[in-house]
>>> print(open('final-v3.csv').read())   # CSV, C-alpha atoms and all ligand atoms
chain,number,residue,atom,x,y,z
A,114,MET,CA,79.3,7.2,-77.2
A,115,ARG,CA,78.7,5.4,-73.9
A,116,ILE,CA,75.5,6.3,-72.1
A,117,LEU,CA,74.6,5.3,-68.5
A,118,ILE,CA,70.9,5.4,-67.6
A,119,THR,CA,70.0,5.2,-63.9
A,120,GLY,CA,66.4,4.2,-63.1
A,121,ALA,CA,66.4,1.9,-66.2
A,122,SER,CA,63.5,-0.1,-64.7
A,123,GLY,CA,61.3,3.0,-64.4
A,124,GLN,CA,58.9,4.5,-66.9
A,125,LEU,CA,61.4,7.0,-68.4
A,126,GLY,CA,64.4,4.6,-68.1
A,127,THR,CA,62.5,1.9,-70.0
A,128,GLU,CA,61.7,4.2,-72.9
A,129,LEU,CA,65.2,5.6,-72.9
A,130,SER,CA,66.6,2.1,-73.1
A,131,ASN,CA,64.3,1.5,-76.2
A,132,VAL,CA,65.2,4.8,-77.9
A,133,LEU,CA,68.9,5.1,-77.3
A,134,LYS,CA,71.1,3.0,-79.6
A,135,GLY,CA,74.7,1.8,-79.1
A,136,ASP,CA,76.7,1.4,-75.9
A,137,VAL,CA,74.0,1.8,-73.2
A,138,ILE,CA,74.7,0.9,-69.6
A,139,LYS,CA,71.4,0.2,-67.7
A,140,VAL,CA,71.2,0.5,-63.9
A,141,TYR,CA,68.3,-0.6,-61.8
A,142,ASN,CA,67.7,-1.1,-58.0
A,143,THR,CA,64.9,-3.5,-57.2
A,144,LYS,CA,63.2,-4.4,-60.5
A,145,GLU,CA,65.7,-6.3,-62.6
A,146,VAL,CA,66.3,-5.2,-66.1
A,147,GLN,CA,67.7,-7.5,-68.8
A,148,GLY,CA,71.4,-6.8,-69.3
A,149,GLY,CA,71.3,-4.2,-66.5
A,150,HIS,CA,73.4,-3.7,-63.4
A,151,LYS,CA,72.0,-3.6,-59.9
A,152,LEU,CA,73.1,-0.5,-58.1
A,153,ASP,CA,71.5,1.2,-55.1
A,154,LEU,CA,72.0,4.9,-55.4
A,155,THR,CA,72.1,5.3,-51.7
A,156,ASP,CA,75.3,3.2,-51.6
A,157,TYR,CA,77.3,6.3,-52.5
A,158,SER,CA,80.7,4.8,-52.7
A,159,ALA,CA,79.4,2.0,-55.0
A,160,VAL,CA,77.8,4.7,-57.2
A,161,GLU,CA,81.1,6.6,-57.5
A,162,ASP,CA,83.1,3.4,-58.1
A,163,PHE,CA,80.7,2.2,-60.8
A,164,ILE,CA,80.7,5.5,-62.8
A,165,ILE,CA,84.5,5.8,-62.5
A,166,LYS,CA,85.0,2.2,-63.7
A,167,LYS,CA,82.5,2.4,-66.6
A,168,ARG,CA,83.6,5.9,-67.7
A,169,PRO,CA,80.4,6.9,-69.5
A,170,ASP,CA,80.4,9.9,-71.8
A,171,VAL,CA,76.8,10.7,-70.8
A,172,ILE,CA,74.9,10.0,-67.6
A,173,ILE,CA,71.1,10.3,-67.6
A,174,ASN,CA,69.9,10.3,-64.0
A,175,THR,CA,66.2,9.3,-64.1
A,176,ALA,CA,66.3,7.4,-60.8
A,177,SER,CA,64.2,8.9,-58.1
A,178,LEU,CA,61.8,8.2,-55.3
A,179,THR,CA,58.7,9.4,-57.3
A,180,ASP,CA,55.9,8.5,-54.9
A,181,VAL,CA,55.1,11.9,-53.5
A,182,ASP,CA,53.3,10.6,-50.4
A,183,LYS,CA,56.0,8.1,-49.7
A,184,CYS,CA,58.5,10.9,-49.8
A,185,GLU,CA,56.5,12.9,-47.2
A,186,VAL,CA,56.6,9.9,-44.8
A,187,GLU,CA,60.1,8.4,-45.6
A,188,ARG,CA,61.9,11.7,-45.6
A,189,GLY,CA,65.3,10.2,-45.0
A,190,LEU,CA,65.1,7.9,-47.9
A,191,ALA,CA,63.7,10.6,-50.2
A,192,PHE,CA,66.6,12.9,-49.3
A,193,LYS,CA,69.2,10.2,-50.0
A,194,VAL,CA,67.8,9.1,-53.4
A,195,ASN,CA,66.6,12.5,-54.7
A,196,ALA,CA,69.3,14.8,-53.4
A,197,GLU,CA,72.4,13.2,-51.8
A,198,ALA,CA,72.9,10.6,-54.5
A,199,VAL,CA,73.0,13.3,-57.1
A,200,LYS,CA,76.0,14.9,-55.2
A,201,HIS,CA,77.9,11.6,-55.7
A,202,ILE,CA,76.9,11.2,-59.3
A,203,VAL,CA,78.2,14.7,-59.9
A,204,ARG,CA,81.5,13.9,-58.0
A,205,ALA,CA,82.1,10.9,-60.3
A,206,SER,CA,80.9,12.8,-63.4
A,207,ARG,CA,83.7,15.4,-62.7
A,208,VAL,CA,86.3,12.6,-62.6
A,209,VAL,CA,85.3,11.0,-65.9
A,210,GLU,CA,84.2,14.3,-67.5
A,211,ALA,CA,80.7,12.9,-68.3
A,212,TYR,CA,77.9,15.1,-69.5
A,213,LEU,CA,75.1,14.8,-66.9
A,214,ILE,CA,71.4,15.0,-67.7
A,215,HIS,CA,69.4,15.1,-64.5
A,216,ILE,CA,65.7,14.7,-64.5
A,217,SER,CA,63.7,17.0,-62.2
A,218,THR,CA,60.1,18.0,-61.7
A,219,ASP,CA,57.4,20.7,-61.9
A,220,TYR,CA,56.8,20.0,-58.2
A,221,VAL,CA,59.8,22.3,-57.3
A,222,PHE,CA,57.1,25.1,-57.8
A,223,ASP,CA,54.3,26.0,-55.4
A,224,GLY,CA,51.7,26.0,-58.2
A,225,GLU,CA,50.3,29.4,-57.5
A,226,LYS,CA,51.2,30.8,-60.9
A,227,GLY,CA,51.4,28.0,-63.5
A,228,LEU,CA,53.2,27.9,-66.9
A,229,TYR,CA,56.5,28.2,-65.1
A,230,LYS,CA,59.6,29.3,-67.1
A,231,GLU,CA,63.1,27.9,-66.5
A,232,GLU,CA,64.1,31.0,-64.6
A,233,ASP,CA,61.1,31.2,-62.2
A,234,LEU,CA,61.8,30.9,-58.6
A,235,PRO,CA,61.1,27.4,-57.1
A,236,ASN,CA,59.2,27.2,-53.9
A,237,PRO,CA,58.3,23.5,-53.1
A,238,ILE,CA,55.3,22.8,-50.9
A,239,ASN,CA,56.1,19.1,-50.3
A,240,TYR,CA,59.1,17.0,-49.4
A,241,TYR,CA,59.4,15.3,-52.8
A,242,GLY,CA,59.6,18.8,-54.4
A,243,LEU,CA,62.2,19.9,-51.8
A,244,THR,CA,64.4,16.9,-52.2
A,245,LYS,CA,64.2,17.2,-56.0
A,246,LEU,CA,65.2,20.9,-55.8
A,247,LEU,CA,68.2,19.9,-53.7
A,248,GLY,CA,69.1,17.4,-56.4
A,249,GLU,CA,68.9,20.1,-59.0
A,250,THR,CA,71.2,22.3,-57.0
A,251,TYR,CA,73.8,19.5,-56.8
A,252,ALA,CA,73.5,18.8,-60.5
A,253,LEU,CA,73.8,22.5,-61.4
A,254,SER,CA,77.0,22.8,-59.3
A,255,TYR,CA,78.6,20.9,-62.2
A,256,ASP,CA,79.2,23.0,-65.4
A,257,ASP,CA,78.5,20.1,-67.8
A,258,SER,CA,75.0,19.3,-66.6
A,259,LEU,CA,71.5,19.8,-67.9
A,260,VAL,CA,68.5,19.7,-65.5
A,261,ILE,CA,65.4,18.7,-67.4
A,262,ARG,CA,62.2,19.7,-65.5
A,263,THR,CA,59.2,17.6,-66.6
A,264,SER,CA,55.7,16.9,-65.4
A,265,GLY,CA,53.2,14.1,-65.1
A,266,VAL,CA,55.3,11.4,-66.7
A,267,PHE,CA,53.1,8.5,-67.8
A,268,ARG,CA,53.6,5.1,-69.4
A,269,HIS,CA,52.3,2.1,-67.4
A,270,LYS,CA,51.4,4.4,-64.4
A,271,GLY,CA,50.4,8.0,-63.9
A,272,PHE,CA,47.0,9.8,-64.0
A,273,PRO,CA,46.1,9.2,-67.6
A,274,VAL,CA,46.6,5.4,-67.2
A,275,TYR,CA,44.5,5.4,-64.0
A,276,ALA,CA,41.8,7.4,-65.8
A,277,TYR,CA,41.8,5.1,-68.8
A,278,ARG,CA,41.6,1.9,-66.8
A,279,THR,CA,38.9,3.3,-64.4
A,280,LEU,CA,36.8,4.7,-67.3
A,281,LYS,CA,37.1,1.5,-69.3
A,282,GLU,CA,35.7,-0.5,-66.3
A,283,GLY,CA,32.8,2.0,-66.0
A,284,GLY,CA,34.1,3.5,-62.8
A,285,GLU,CA,34.3,7.1,-61.6
A,286,VAL,CA,37.6,8.9,-62.0
A,287,HIS,CA,38.4,11.3,-59.1
A,288,ALA,CA,40.2,14.1,-60.9
A,289,PHE,CA,42.1,16.8,-58.9
A,290,LYS,CA,41.0,20.1,-60.4
A,291,GLY,CA,44.6,21.4,-60.6
A,292,TYR,CA,46.7,21.8,-63.8
A,293,TYR,CA,50.0,20.3,-65.0
A,294,SER,CA,51.8,19.4,-68.2
A,295,PRO,CA,51.7,15.6,-68.7
A,296,ILE,CA,54.1,13.9,-71.1
A,297,SER,CA,54.5,10.2,-72.1
A,298,ALA,CA,57.7,8.6,-71.1
A,299,LYS,CA,58.2,7.7,-74.8
A,300,LYS,CA,58.0,11.3,-76.0
A,301,LEU,CA,60.2,12.5,-73.2
A,302,ALA,CA,62.8,9.8,-74.1
A,303,GLU,CA,62.7,10.9,-77.7
A,304,ALA,CA,63.3,14.5,-76.7
A,305,ILE,CA,66.2,13.6,-74.4
A,306,SER,CA,67.7,11.5,-77.2
A,307,GLU,CA,67.7,14.6,-79.4
A,308,LEU,CA,69.0,16.9,-76.6
A,309,ILE,CA,72.1,14.7,-76.0
A,310,ASN,CA,73.5,16.1,-79.2
A,311,HIS,CA,72.7,19.7,-78.4
A,312,ARG,CA,74.8,19.4,-75.2
A,313,LYS,CA,73.0,22.3,-73.6
A,314,THR,CA,73.6,23.1,-69.9
A,315,GLY,CA,71.4,24.8,-67.3
A,316,VAL,CA,67.7,24.1,-66.8
A,317,LEU,CA,65.2,23.2,-69.6
A,318,ASN,CA,61.5,22.4,-69.3
A,319,VAL,CA,60.4,19.4,-71.4
A,320,ALA,CA,56.8,18.6,-70.8
A,321,GLY,CA,53.4,18.4,-72.5
A,322,GLU,CA,50.6,20.9,-73.0
A,323,ARG,CA,49.0,22.5,-69.9
A,324,VAL,CA,45.8,20.7,-69.0
A,325,SER,CA,43.6,20.1,-65.9
A,326,ARG,CA,43.2,16.5,-64.7
A,327,VAL,CA,39.4,16.9,-65.2
A,328,ASP,CA,39.8,18.0,-68.8
A,329,LEU,CA,42.4,15.3,-69.4
A,330,ALA,CA,40.1,12.5,-68.0
A,331,THR,CA,37.2,13.9,-70.0
A,332,LYS,CA,39.4,13.9,-73.2
A,333,ILE,CA,40.4,10.3,-72.5
A,334,LYS,CA,36.8,9.3,-72.0
A,335,GLU,CA,35.7,10.9,-75.3
A,336,LYS,CA,38.8,9.9,-77.4
A,337,PHE,CA,38.6,6.2,-76.5
A,338,ASN,CA,34.8,6.1,-76.1
A,339,LEU,CA,34.8,4.8,-72.6
A,340,PRO,CA,31.8,4.3,-70.4
A,341,GLY,CA,32.9,5.6,-66.9
A,342,GLY,CA,32.5,9.1,-65.4
A,343,VAL,CA,34.7,12.0,-64.2
A,344,LYS,CA,34.3,13.8,-60.9
A,345,GLU,CA,36.2,16.9,-60.1
A,346,VAL,CA,37.8,16.9,-56.6
A,347,ASP,CA,39.8,19.4,-54.5
A,348,TYR,CA,41.7,16.5,-52.9
A,349,VAL,CA,42.2,12.9,-53.7
A,350,LYS,CA,41.5,10.4,-50.9
A,351,GLY,CA,44.7,9.0,-49.5
A,352,TRP,CA,47.0,11.9,-50.3
A,353,ILE,CA,49.4,12.8,-47.6
A,354,ALA,CA,51.5,15.4,-49.3
A,355,ARG,CA,50.2,18.8,-50.5
A,356,ARG,CA,50.0,19.2,-54.3
A,357,PRO,CA,50.7,22.4,-56.2
A,358,PHE,CA,47.5,23.7,-57.9
A,359,ASP,CA,49.0,24.7,-61.2
A,360,SER,CA,52.5,23.2,-61.8
A,361,SER,CA,52.3,23.5,-65.6
A,362,LEU,CA,55.5,24.3,-67.3
A,363,ASP,CA,56.3,26.8,-70.1
A,364,ILE,CA,57.9,24.7,-72.9
A,365,THR,CA,58.6,27.5,-75.4
A,366,LYS,CA,62.4,27.1,-75.2
A,367,ALA,CA,62.3,23.3,-75.8
A,368,LYS,CA,59.8,23.7,-78.6
A,369,LYS,CA,62.3,26.0,-80.5
A,370,MET,CA,65.2,23.6,-79.8
A,371,LEU,CA,63.7,20.2,-80.8
A,372,SER,CA,62.3,18.8,-84.0
A,373,VAL,CA,60.2,16.1,-82.3
A,374,ASP,CA,56.5,16.9,-81.3
A,375,PHE,CA,57.0,16.0,-77.6
A,376,TYR,CA,54.2,18.2,-76.3
A,377,SER,CA,50.8,17.6,-78.1
A,378,LEU,CA,48.3,15.8,-75.8
A,379,ASP,CA,46.9,13.7,-78.6
A,380,GLU,CA,50.4,12.6,-79.6
A,381,ASN,CA,51.3,11.7,-76.0
A,382,LEU,CA,48.1,9.8,-75.3
A,383,ARG,CA,49.1,7.3,-78.1
A,384,TYR,CA,51.8,6.0,-75.7
A,385,MET,CA,49.9,4.9,-72.6
A,386,VAL,CA,50.6,1.3,-71.7
A,387,VAL,CA,47.2,0.2,-70.5
B,401,LIG,N1,56.3,10.2,-62.8
B,401,LIG,C1,56.0,11.5,-62.8
B,401,LIG,O1,54.8,11.9,-62.8
B,401,LIG,C2,57.1,12.6,-62.8
B,401,LIG,C3,56.7,13.9,-62.9
B,401,LIG,C4,57.7,14.9,-62.9
B,401,LIG,C5,59.1,14.5,-62.9
B,401,LIG,N2,59.4,13.1,-62.8
B,401,LIG,C6,60.8,12.8,-62.7
B,401,LIG,O2,61.1,12.0,-63.9
B,401,LIG,C7,62.0,11.0,-63.6
B,401,LIG,C8,61.5,9.6,-64.1
B,401,LIG,O3,60.3,9.3,-63.5
B,401,LIG,P1,59.6,7.9,-63.7
B,401,LIG,O4,58.1,8.1,-63.7
B,401,LIG,O5,60.3,7.2,-64.8
B,401,LIG,O6,60.0,7.1,-62.3
B,401,LIG,P2,59.6,5.6,-61.9
B,401,LIG,O7,58.9,4.9,-63.0
B,401,LIG,O8,58.9,5.8,-60.5
B,401,LIG,O9,61.0,5.0,-61.7
B,401,LIG,C9,61.9,5.3,-60.7
B,401,LIG,C10,63.2,4.7,-60.9
B,401,LIG,O10,64.1,5.1,-59.8
B,401,LIG,C11,64.8,3.9,-59.4
B,401,LIG,N3,65.2,4.0,-58.0
B,401,LIG,C12,64.4,4.4,-56.9
B,401,LIG,N4,65.2,4.3,-55.8
B,401,LIG,C13,66.4,3.9,-56.2
B,401,LIG,C14,67.7,3.7,-55.5
B,401,LIG,N5,67.8,3.8,-54.2
B,401,LIG,N6,68.7,3.3,-56.3
B,401,LIG,C15,68.6,3.1,-57.6
B,401,LIG,N7,67.5,3.4,-58.3
B,401,LIG,C16,66.5,3.8,-57.6
B,401,LIG,C17,63.8,2.8,-59.5
B,401,LIG,O11,64.5,1.5,-59.5
B,401,LIG,P3,63.8,0.1,-59.2
B,401,LIG,O12,62.4,0.2,-59.7
B,401,LIG,O13,64.6,-0.9,-59.8
B,401,LIG,O14,63.8,0.0,-57.7
B,401,LIG,C18,63.1,3.1,-60.9
B,401,LIG,O15,63.9,2.6,-61.9
B,401,LIG,C19,62.2,11.1,-62.0
B,401,LIG,O16,63.4,11.8,-61.8
B,401,LIG,C20,61.1,11.9,-61.5
B,401,LIG,O17,61.4,12.6,-60.4
B,401,LIG,C21,58.4,12.2,-62.8
>>> encode(input="final-v3.csv", output="structure tokens", more="lines below")
Ligand SMILES: NC(=O)c1ccc[n+]([C@@H]2O[C@H](COP(=O)([O-])OP(=O)(O)OC[C@H]3O[C@@H](n4cnc5c(N)ncnc54)[C@H](OP(=O)(O)O)[C@@H]3O)[C@@H](O)[C@H]2O)c1
Amino acid sequence: MRILITGASGQLGTELSNVLKGDVIKVYNTKEVQGGHKLDLTDYSAVEDFIIKKRPDVIINTASLTDVDKCEVERGLAFKVNAEAVKHIVRASRVVEAYLIHISTDYVFDGEKGLYKEEDLPNPINYYGLTKLLGETYALSYDDSLVIRTSGVFRHKGFPVYAYRTLKEGGEVHAFKGYYSPISAKKLAEAISELINHRKTGVLNVAGERVSRVDLATKIKEKFNLPGGVKEVDYVKGWIARRPFDSSLDITKAKKMLSVDFYSLDENLRYMVV
């Protein structure tokens, strides 16, 4: 089985490259990956050509403009990478009959309810969420696609890593009081690796346990016995885009489907790269 990973230089792409065995085609944009191919997803004809030439059996589209504030400012670029590029990946997937796994986000929701199920109605409140929702729509226009919604992916970046480093240095973590469902890139990659064989289509939530950033930072402080402090805030200095208050995901379906423990907070915290 030939598997193409976009965003191979990102957090999830790095872990997928480690977990998946065999004929893996790695694609990056600006951060070179060993043995990978440079491909800018906004060069749509190059994207279609590449997929049609390589004829992968499975495509995992992890590539995205993930900086929520950058998306709010650079709207044209966010739209191209997070939405329009997916349309072209789908066009080429149809030609080569590839199974497409497209990675999306809890930020397609407004955060007023929390513990969102797969069938809940999205209502993004920032541009990142809007462009990701459009990307989902393109992916789901293809019968042989699975949209995986996830939350708070961390490896060498993300809130838990920021909290760990700040607490270790004796600093004060500014923790937004909202809730989400953080997952390590490693556990997410393991879950995706198992899901490839299920060949499910539609939408599936794959994320960690619901937790507030305050409780998460406090847990990291206690677990690793770190000296710094945690301060709850309504808003983090520098934020441009609005954030959903409770974007946590209901992971009941994925728990029933998968054998791997992808969700426990303690298990996930083992895989921070600090
Ligand atoms: N991080 C989170 O908290 C979070 C939460 C929910 C959902 N997600 C979703 O999970 C997925 C993986 O996230 P992540 O944290 O692994 O992302 P990440 O570490 O920020 O990596 C993003 C990847 O996208 C690639 N990329 C960006 N623009 C590109 C372009 N024009 N052409 C080709 N590649 C491009 C980057 O390539 P280069 O680095 O080579 O430029 C990089 O490999 C994304 O779909 C994201 O929306 C993430």
>>> closest_residue(input="final-v3.csv", among="A:Glu249, A:Asp233, A:Glu225, A:Glu185", to="ligand LIG 401 (chain B)", atoms="only C-alpha atoms and all ligand atoms")
A:Glu249
>>> atom_distance(input="final-v3.csv", atom1="CA of Tyr240 (chain A)", atom2="atom O1 of ligand LIG 401 (chain B)")
15.0 Å
>>> closest_residue(input="final-v3.csv", among="A:Phe289, A:Tyr241, A:Phe192, A:Phe163", to="Val209 (chain A)", atoms="all atoms listed in the file")
A:Phe163
>>> closest_atom_pairs(input="final-v3.csv", of="region 185-296 of chain A", to="region 348-368 of chain A", cutoff="7 Å", atoms="all atoms listed in the file", output="CSV")
residue,atom,partner,partner_atom,distance
A:Glu185,CA,A:Ala354,CA,6.0
A:Asp219,CA,A:Ser360,CA,5.5
A:Tyr220,CA,A:Ser360,CA,6.5
A:Phe222,CA,A:Ser360,CA,6.4
A:Asp223,CA,A:Pro357,CA,5.2
A:Gly224,CA,A:Pro357,CA,4.2
A:Glu225,CA,A:Asp359,CA,6.1
A:Lys226,CA,A:Asp359,CA,6.5
A:Gly227,CA,A:Asp359,CA,4.7
A:Leu228,CA,A:Leu362,CA,4.3
A:Tyr229,CA,A:Leu362,CA,4.6
A:Lys230,CA,A:Asp363,CA,5.1
A:Ile238,CA,A:Arg355,CA,6.5
A:Asn239,CA,A:Arg355,CA,5.9
A:His287,CA,A:Val349,CA,6.8
A:Phe289,CA,A:Tyr348,CA,6.0
A:Gly291,CA,A:Phe358,CA,4.6
A:Tyr292,CA,A:Asp359,CA,4.5
A:Tyr293,CA,A:Ser361,CA,4.0
A:Ser294,CA,A:Ser361,CA,4.9
>>> closest_residue(input="final-v3.csv", among="A:Ile116, A:Ala252, A:Val346, A:Val186", to="Arg204 (chain A)", atoms="only C-alpha atoms")
A:Ala252
>>> closest_residue(input="final-v3.csv", among="A:Asp153, A:Asp257, A:Asp379, A:Glu282", to="ligand LIG 401 (chain B)", atoms="all atoms listed in the file")
A:Asp153
>>> residues_around(input="final-v3.csv", residues="region 297-300 of chain A", least_positions_apart="2", cutoff="8 Å", atoms="all atoms listed in the file", output="list in words")
Gln124, Leu125, Glu128, Leu129, Val266, Phe267, Arg268, Pro295, Ala302, Glu303, Ala304, Asp374, Phe375, Tyr376, Asn381, Leu382, Tyr384 and Met385 of chain A
>>> decode(input="final-v3.csv", residues="region 238-266 of chain A", atoms="N, CA and C atoms", output="tab-separated table (two decimals), in the first residue's frame")
chain	number	residue	atom	x	y	z
A	238	ILE	N	-16.22	30.54	14.47
A	238	ILE	CA	-16.23	31.94	14.90
A	238	ILE	C	-14.92	32.64	14.53
A	239	ASN	N	-14.05	31.94	13.82
A	239	ASN	CA	-12.84	32.62	13.32
A	239	ASN	C	-12.54	32.10	11.91
A	240	TYR	N	-11.58	32.76	11.24
A	240	TYR	CA	-11.34	32.46	9.84
A	240	TYR	C	-10.68	31.10	9.65
A	241	TYR	N	-9.82	30.72	10.59
A	241	TYR	CA	-9.22	29.39	10.54
A	241	TYR	C	-10.34	28.34	10.51
A	242	GLY	N	-11.27	28.44	11.45
A	242	GLY	CA	-12.37	27.48	11.53
A	242	GLY	C	-13.22	27.47	10.27
A	243	LEU	N	-13.45	28.65	9.72
A	243	LEU	CA	-14.25	28.75	8.50
A	243	LEU	C	-13.56	28.05	7.32
A	244	THR	N	-12.25	28.32	7.18
A	244	THR	CA	-11.54	27.71	6.04
A	244	THR	C	-11.42	26.19	6.23
A	245	LYS	N	-11.27	25.76	7.48
A	245	LYS	CA	-11.19	24.31	7.73
A	245	LYS	C	-12.54	23.65	7.44
A	246	LEU	N	-13.63	24.35	7.75
A	246	LEU	CA	-14.96	23.80	7.46
A	246	LEU	C	-15.16	23.67	5.94
A	247	LEU	N	-14.69	24.66	5.20
A	247	LEU	CA	-14.76	24.58	3.73
A	247	LEU	C	-13.94	23.40	3.22
A	248	GLY	N	-12.77	23.21	3.81
A	248	GLY	CA	-11.92	22.07	3.44
A	248	GLY	C	-12.63	20.74	3.68
A	249	GLU	N	-13.31	20.65	4.82
A	249	GLU	CA	-14.09	19.44	5.14
A	249	GLU	C	-15.14	19.19	4.07
A	250	THR	N	-15.80	20.26	3.67
A	250	THR	CA	-16.90	20.14	2.71
A	250	THR	C	-16.38	19.60	1.38
A	251	TYR	N	-15.23	20.11	0.95
A	251	TYR	CA	-14.62	19.58	-0.28
A	251	TYR	C	-14.27	18.10	-0.09
A	252	ALA	N	-13.66	17.77	1.04
A	252	ALA	CA	-13.25	16.38	1.28
A	252	ALA	C	-14.48	15.45	1.25
A	253	LEU	N	-15.56	15.91	1.88
A	253	LEU	CA	-16.75	15.06	2.00
A	253	LEU	C	-17.56	14.98	0.71
A	254	SER	N	-17.18	15.81	-0.27
A	254	SER	CA	-17.85	15.69	-1.58
A	254	SER	C	-17.35	14.44	-2.30
A	255	TYR	N	-16.31	13.83	-1.75
A	255	TYR	CA	-15.74	12.61	-2.33
A	255	TYR	C	-16.19	11.42	-1.48
A	256	ASP	N	-16.74	10.41	-2.10
A	256	ASP	CA	-17.32	9.28	-1.36
A	256	ASP	C	-16.30	8.52	-0.53
A	257	ASP	N	-15.07	8.44	-1.04
A	257	ASP	CA	-14.06	7.61	-0.37
A	257	ASP	C	-13.16	8.47	0.53
A	258	SER	N	-13.79	9.29	1.37
A	258	SER	CA	-12.98	10.15	2.26
A	258	SER	C	-13.44	10.06	3.70
A	259	LEU	N	-12.47	10.25	4.60
A	259	LEU	CA	-12.76	10.31	6.03
A	259	LEU	C	-12.22	11.64	6.55
A	260	VAL	N	-13.08	12.43	7.17
A	260	VAL	CA	-12.65	13.67	7.81
A	260	VAL	C	-12.46	13.37	9.29
A	261	ILE	N	-11.23	13.56	9.76
A	261	ILE	CA	-10.96	13.36	11.19
A	261	ILE	C	-10.89	14.72	11.86
A	262	ARG	N	-11.81	14.96	12.79
A	262	ARG	CA	-11.75	16.21	13.57
A	262	ARG	C	-10.94	15.94	14.83
A	263	THR	N	-9.95	16.79	15.06
A	263	THR	CA	-9.14	16.63	16.24
A	263	THR	C	-9.02	17.96	16.97
A	264	SER	N	-8.20	17.98	18.05
A	264	SER	CA	-8.19	19.16	18.92
A	264	SER	C	-6.81	19.28	19.60
A	265	GLY	N	-6.33	20.48	19.71
A	265	GLY	CA	-5.11	20.74	20.50
A	265	GLY	C	-3.97	19.78	20.26
A	266	VAL	N	-3.61	19.58	19.00
A	266	VAL	CA	-2.52	18.64	18.68
A	266	VAL	C	-1.20	19.21	19.23
